[in-house]
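Remarks on the structure that follows.
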Amino acid sequence: MNAPLPHDATDALADSAERRRRQDEVVAALAAVLPRSALLWQDEDTTPYECDGLTAYRERPLVVALPETEEQVGALLRLCRRLQVPVVARGAGTGLSGGAMPHRLGVTLSLARLNRILAVDRRARTARVQCGVRNLAISEAAAPHGLYYAPDPSSQIACTIGGNVAENSGGVHCLKYGLTLHNVLRVRGFTIDGEAVEFGSEALDAPGLDLLAVVIGSEGMLAVVTEVTVRLVPKPQLARCIMASFGSVQAAGEAVAQVIAQGIIPAGLEMMDKPMTAAVESFVQAGYDLKAAAILLCESDGTPEEVEEEIRRMTEVLSGCGATRLEISRDEAQRLRFWSGRKNAFPASGRISPDYMCMDSTIPRKRLADILTAITEMEGKYKLRCVNVFHAGDGNLHPLILFDANQPDELARAEAFGADILETSVRLGGTVTGEHGVGIEKLASMCVQFTPEEREQMFAVKRAFDPAGLLNPGKVIPTLHRCAEYGKMHVKKGLLPFAELPRF
Amino acid sequence: MSKALNSLVDRVRAAREAHTPLAIRGAGTKSFYGEKIRGSSLDMRDLSGISGYDPSELVLTARAGTPLADVEAALAERGQCLPFEPPRYPDPERPGQRGGTIGGVVAAGLAGPSRAAVGSVRDFVLGATLINGKAEVVSFGGQVMKNVAGYDVARLLAGSLGVLGVICEVSLKVLPVLPATATLRFDCSEAEAIERLQAWGGQPLPVHASAWWQGALVVRLSGAAAAINSAAAKMGGEVIDPYLAQRFWNGMRDQTDEFFTEARRSLSEGAALWRIGLPAGAPPLPLSGEQLIEWGGAQRWWVSREPVERVRALAARAGGHATLFRAKDKAAILGEGGSVFAPLAQPLARIHRDLKASFDPDGVFNPGRLYPDL
């Protein structure tokens with residue numbers, strides 16, 4: 001249900017001979033501004049670019065371009081604008097929503113070769129890096145100064161900062177340290193016209209509208225980012241983690257709310273349900289409590305004095321909420337062992353099922369038990385298993401739907417299951433995507449979250465940046481037509497419904 | 001839709017049809033800010049009230065006309081706050097009252113002393129409902145911490161001075177009040193203050209606010225009690241009495257401190273109050289006049305009679321920008337074709353124009369308030 005619709009058959013260019021002519025034309029034009037080694041168009045060369053981290057949906061790009069300089073990116077965009085060729089920017093291809101899925105008549109603009117760290121400024125606590133620099137590489141470069149880049153998506157070994165900007169990526173520490181948005185000061189890049197542009201500044205603000213806020217998370221649809229200035233923060237002296245077991249998911253959910261109600265903002269607050277714990281335990285042997293209905297990982301970081309005080313307060317709250325077992329990391333090795341299972345939730349799922357589909361909705365924390373009950377019912381309805389990990393501190397769920405793509409009908413059932421989770425999340429006051437982006441995966445669910453007027457307003461924003469609609473077309477915002485075909489109404493009201501009711 | 005919202009939608013529709021601009025206003029506490037106000041007043045104060053607040057969710061949702069004072073009182077009752085400390089200016093109609101509306105807080109995007117440590121107004125916006133130029137009520141973002149569904153239009157509204165639409169309701173992330181605080185004072189020169197602030201910033205110290213004026217650097221630490229004590233011991237300086245410190249930081253936040261009251265006097269004699277945003281570590285600016293430095297060096301207030309061209313050129317050379325914050329006669333200081341906010345280069349100016357048109361095709365909302373031609 002949530003998959004992309006088939007190609008528009010009326011499109012004359014869909015014809016393969018026509019496509020080849022177009023390919024020749026685009027390759028010839030690009031060869032004038034890019035070295036031959038920076039262009040791929042033969043099928044065997046473009047196949048690896050057919051999808052990103054969302055492998056269920058694939059498309060072959062017309063051409064893949066791998067520029068090495070900003071000037072080449074600018075020149076490429078000017079050409080594509082003139083020839084009316086769609087451009088799909090791509091970082092490391094680790095995205096989980098198909099944001100970098102190619103356009104069959106478009107150029108996939110791989111920015112992986114723009115991978116230089118331009119400056120790490122200890123005094124200003126900033127790093128200026130090219131977009132293709134890996135997330136973790138920034139923290140590694142900053143480490144000698146006692147600094148690091150805070151947002152840490154699980155794919156941080158591979159994912160690029162440019163991709164993080166496109167998706168407004170989070171991570172397990174964003175409750176305390178914020179998302180990409182909160183940690184990027186400035187981006188430099190190009191408009192679709194190939195004009196150089198900067199959003200934000202190395203000061204704390206820039207004159208005019210806060211365009212940086214809308215460019216971050218725009219999934220490559222407003223501009224192409226080539227350089228990013230990030231804020232670095234001092235590395236905490238110490239981090240310790242509490243692993244707490246609970247007899248029910250409800251009790252664990254209540255404990256999460258209580259920790260926050262007590263005025264504590266943990267550095268990380270994560271939950272795994274029982275099936276997920278079993279899967280990761282057999283993968284990493286971290287000593288997880290296999291009898292617990294849910295496990296919470298609750299982390300504190302800061303100075304040794306701060307951590308001691310906070311761990312004591314957290315322990316009190318968790319015990320008070322009925323934790324059946326509490327373990328506090330004694331040293332760094334043990335802390336990392338606590339986290340090893342959570343960080344390996346995806347590969348562990350890959351071991352217990354041939355395929356899995358990762359969802360990414362966010363709900364108000366207090367609805368955690370409701371969504372879990374709903375997901376359990378859906379397992380019966382769609383006859384598929386689901387294991388659950390959550391960034392519980394900020395209500396971001398990652399249910400992993402297990403399926404076997406080789407069984408007839410299982411992919412379709414998994415997609416319907418996924419869409420059901422997303423739409424239930426919207427009904428519970430949440431959103432269809434917390435950190436992975438809409439891409440193509442959640443296009444249909446956007447019809448449920450936004451009204452036609454809201455979607456049209458988003459299209460209008462896109463036109464202000466990209467009047468010809470060439471940057472990553474067809475992603476993020478579904479057309480009216482597409483929503484009509486999906487046939488589900490949006491479920492959210494403008495102002496909170498029943499606003500006259502007391503709520504606190 | 002509530003009656004108050006309905007009547008706003010009707011006003012927008014009528015204004016659109018008649019091609020008459022609207023000047024959106026809350027309590028009018030920030031009418032001094034930005035370019036000249038044009039159009040007939042669209043008063044937001046009837047659209048008022050906190051519509052959702054659940055402390056354990058760290059989210060508060062309020063209609064635009066809700067007094068900031070009501071929002072802060074509701075939060076304080078549960079030990080929470082708006083961490084970005086928006087300034088509270090005097091209410092022109094109610095003597096003794098300060099603070100304006102929550103819609104005005106978001107539209108102006110101004111933050112107080114803690115800005116450098118905690119983030120800006122925009123960083124705490126989670127969602128917003130607005131009336132666009134087609135008189136449609138549209139919502140973006142939501143009431144949850146993490147949300148990347150569609151473009152982040154809600155955050156774009158922070159600091160937009162109402163040029164994109166009528167902000168009707170906002171959801172903000174709120175945080176617990178930090179358990180302990182201490183204020184330290186150091187005697188040092190401007191250059192030394194900037195250096196010290198950069199050095200502290202690179203260490204895991206709970207520096208929460210800073211201010212330098214006339215040879216005195218004042219630093220506020222906030223966080224866990226244990227961390228405050230060990231940081232204070234490490235940093236040295238003179239510990240300020242908590243009551244006096246609280247008054248001082250309120251004066252910084254609300255711009256009632258001596259620096260600002262003296263600035264007001266100079267303004268009546270033709271000087272200007274400039275807000276200069278710079279990379280925090282930028283060296284001292286060679287301007288003449290009186291200066292207050294906040295945000296670890298990233299916000300520098302200048303009361304000066306220097307010409308606009310020189311102020312702007314020095315700010316730009318240092319990697320920042322200058323806003324003419326207050327003046328008795330802004331037009332006289334800016335001259336023909338000048339603007340309160342630093343002028344935009346291409347392609348930013350074009351994107352601003354097209355973005356404005358995408359929200360407000362008939363140019364109804366606060367025309368010219370952000371830039372004369374926007």
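Going through the structure tokens in order, the chains are called A, B, and so on, while each chain numbers its residues from 1 and the ligands are numbered from 1 in the order shown.
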Given only C-alpha atoms, how would the per-residue table for region 289-317 of chain B near region 179-201 of chain B read, listing every residue at most 12 Å away with its closest atom pair and distance in Å to one decimal, sorted by chain and number, as a Markdown table?
| residue | atom | partner | partner_atom | distance |
| --- | --- | --- | --- | --- |
| B:Glu290 | CA | B:Glu190 | CA | 11.9 |
| B:Gln291 | CA | B:Glu190 | CA | 9.5 |
| B:Leu292 | CA | B:Glu190 | CA | 9.6 |
| B:Ile293 | CA | B:Glu190 | CA | 8.5 |
| B:Glu294 | CA | B:Ile194 | CA | 10.0 |
| B:Trp295 | CA | B:Leu197 | CA | 9.2 |
| B:Gly296 | CA | B:Leu197 | CA | 5.5 |
| B:Gly297 | CA | B:Ile194 | CA | 5.9 |
| B:Ala298 | CA | B:Ile194 | CA | 9.5 |
| B:Gln299 | CA | B:Ile194 | CA | 11.3 |
| B:Arg300 | CA | B:Ile194 | CA | 11.1 |
Near region 51-54 of chain A, 12 Å: region 113-194 of chain A residue rows, closest pairs, only C-alpha atoms, as JSON lines:
{"residue": "A:Ser155", "atom": "CA", "partner": "A:Gly53", "partner_atom": "CA", "distance": 10.3}
{"residue": "A:Ala158", "atom": "CA", "partner": "A:Gly53", "partner_atom": "CA", "distance": 11.4}
{"residue": "A:Cys159", "atom": "CA", "partner": "A:Gly53", "partner_atom": "CA", "distance": 10.5}
{"residue": "A:Gly163", "atom": "CA", "partner": "A:Asp52", "partner_atom": "CA", "distance": 11.4}
Could you list, as an mmCIF file with N, CA and C atoms, in the first residue's frame, every residue within 7 Å of Met357 (chain A), counting only C-alpha atoms and ignoring same-chain residues fewer than 6 positions away?
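part.cif written:
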data_model
loop_
_atom_site.group_PDB
_atom_site.id
_atom_site.type_symbol
_atom_site.label_atom_id
_atom_site.label_comp_id
_atom_site.auth_asym_id
_atom_site.auth_seq_id
_atom_site.Cartn_x
_atom_site.Cartn_y
_atom_site.Cartn_z
ATOM 1 N N LEU A 400 10.343 -3.182 13.825
ATOM 2 C CA LEU A 400 10.952 -3.901 12.699
ATOM 3 C C LEU A 400 10.008 -5.032 12.311
ATOM 4 N N ILE A 401 9.402 -4.893 11.151
ATOM 5 C CA ILE A 401 8.450 -5.891 10.676
ATOM 6 C C ILE A 401 9.242 -6.980 9.953
ATOM 7 N N LEU A 402 9.097 -8.219 10.429
ATOM 8 C CA LEU A 402 9.871 -9.321 9.861
ATOM 9 C C LEU A 402 9.060 -10.005 8.758
#
Members of region 103-258 of chain B assigned alpha helix (DSSP H) by DSSP, as a count of residues only
55
Taking only C-alpha atoms into account, which of A:Asn183, A:Thr315, A:Thr47, A:Asn344 comes nearest chain B?
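That would be A:Asn183, the residue with the smallest distance to chain B.
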Using only C-alpha atoms, which residue out of B:Val137, B:Ala111, B:Ala315, B:Ile240 lies closest to chain A?
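Of B:Val137, B:Ala111, B:Ala315, B:Ile240, the one nearest chain A, counting only C-alpha atoms, is B:Val137.
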Quick one: residues within 8 Å of Gly430 (chain A), only C-alpha atoms counted, chain neighbours fewer than 6 positions away excluded, as a VMD selection string?
(chain A and resid 361 to 364) or (chain B and resid 142 to 144)
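A straight line drawn from CA of Met145 (chain B) to CA of Phe450 (chain A) is 18.1 Å long.
When the distance limit is 12 Å and only C-alpha atoms are what count, the residues near Ser222 (chain B), minus those fewer than 4 positions from it on the same chain, are A:Glu306, B:Pro83, B:Ser114, B:Ala117, B:Val118, B:Pro176, B:Val177, B:Leu178, B:Pro179, B:Ala180, B:Thr181, B:Ala182, B:Thr183, B:Leu184, B:Leu205, B:Pro206, B:Val207, B:His208, B:Ala209, B:Ser210, B:Ala226, B:Ala227, B:Ile228, B:Asn229, B:Ser230, B:Ala231, B:Ala232.
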Give me every strand (DSSP E) residue in region 158-321 of chain A, going by DSSP on the backbone, as a ChimeraX atom specification.
/A:184-190,196-200,224-231,233-234,238-246,268-273,294-302
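We find CA of Val184 (chain A) and CA of Arg115 (chain B) to be spaced 15.1 Å apart.
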One number please: CA of Ala69 (chain B) to CA of Pro86 (chain B), in Å, one decimal.
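A separation of 11.0 Å between them.
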I'd like the contact shell of Phe248 (chain B) - 8 Å cut-off, only C-alpha atoms, skipping same-chain residues fewer than 4 positions apart - returned as a PDB file with C-alpha atoms, in the first residue's frame.
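This is the output file out-v7.pdb:
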ATOM      1  CA  LEU B 244      21.555  40.336  42.902  1.00  0.00           C
ATOM      2  CA  MET B 252      19.854  41.334  30.647  1.00  0.00           C
ATOM      3  CA  ASP B 257      19.827  46.666  32.667  1.00  0.00           C
TER       4      ASP B 257
END
Pull the closest atom pair for each residue of region 412-461 of chain A that gets at most 6 Å from region 474-487 of chain A, along with the distance in Å to one decimal, counting only C-alpha atoms, ordering rows by chain and then ascending residue number, as CSV.
residue,atom,partner,partner_atom,distance
A:Val438,CA,A:Val476,CA,5.0
A:Gly439,CA,A:Val476,CA,5.1
A:Ile440,CA,A:Lys475,CA,5.4
A:Leu443,CA,A:Pro478,CA,5.5
A:Cys447,CA,A:Cys483,CA,5.5
Spatial neighbours of region 404-414 of chain A, 10 Å, only C-alpha atoms, chain gap at least 3 places, as a list in words:
Met1, Asn2, Ala3, Ala56, Ser353, Pro354, Asp355, Tyr356, Met357, Glu379, Lys381, Tyr382, Lys383, Leu384, Arg385, Cys386, Leu400, Ile401, Phe417, Gly418, Ala419 and Asp420 of chain A
Could you save those same residues with C-alpha atoms as a PDB file, in the first residue's frame?
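As a result, part.pdb now contains:
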ATOM      1  CA  MET A   1       0.000   0.000   0.000  1.00  0.00           C
ATOM      2  CA  ASN A   2       2.805   2.308   0.829  1.00  0.00           C
ATOM      3  CA  ALA A   3       4.924   1.431  -2.190  1.00  0.00           C
ATOM      4  CA  ALA A  56      12.741  -2.888  -1.613  1.00  0.00           C
ATOM      5  CA  SER A 353      14.293 -13.132   9.498  1.00  0.00           C
ATOM      6  CA  PRO A 354      15.197 -13.144   5.789  1.00  0.00           C
ATOM      7  CA  ASP A 355      13.885  -9.574   5.425  1.00  0.00           C
ATOM      8  CA  TYR A 356      12.693  -6.818   7.700  1.00  0.00           C
ATOM      9  CA  MET A 357      11.150  -3.421   7.246  1.00  0.00           C
ATOM     10  CA  GLU A 379       0.757  -8.893  14.062  1.00  0.00           C
ATOM     11  CA  LYS A 381      -4.087  -9.105  11.379  1.00  0.00           C
ATOM     12  CA  TYR A 382      -1.178  -9.150   8.903  1.00  0.00           C
ATOM     13  CA  LYS A 383       0.181 -12.532  10.072  1.00  0.00           C
ATOM     14  CA  LEU A 384       3.714 -11.181  10.440  1.00  0.00           C
ATOM     15  CA  ARG A 385       6.007 -10.768  13.440  1.00  0.00           C
ATOM     16  CA  CYS A 386       7.252  -7.394  14.653  1.00  0.00           C
ATOM     17  CA  LEU A 400      10.952  -3.901  12.699  1.00  0.00           C
ATOM     18  CA  ILE A 401       8.450  -5.891  10.676  1.00  0.00           C
ATOM     19  CA  PHE A 417       1.424  -3.433   8.273  1.00  0.00           C
ATOM     20  CA  GLY A 418       3.917  -0.561   8.083  1.00  0.00           C
ATOM     21  CA  ALA A 419       1.359   1.885   6.734  1.00  0.00           C
ATOM     22  CA  ASP A 420      -1.029   0.844   9.491  1.00  0.00           C
TER      23      ASP A 420
END
With only C-alpha atoms as the atoms that count, which of A:Phe459, A:Phe190, A:Phe283, A:Phe390 lies nearest to Val73 (chain A)?
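Checking each of A:Phe459, A:Phe190, A:Phe283, A:Phe390 against Val73 (chain A), counting only C-alpha atoms, the winner is A:Phe190.
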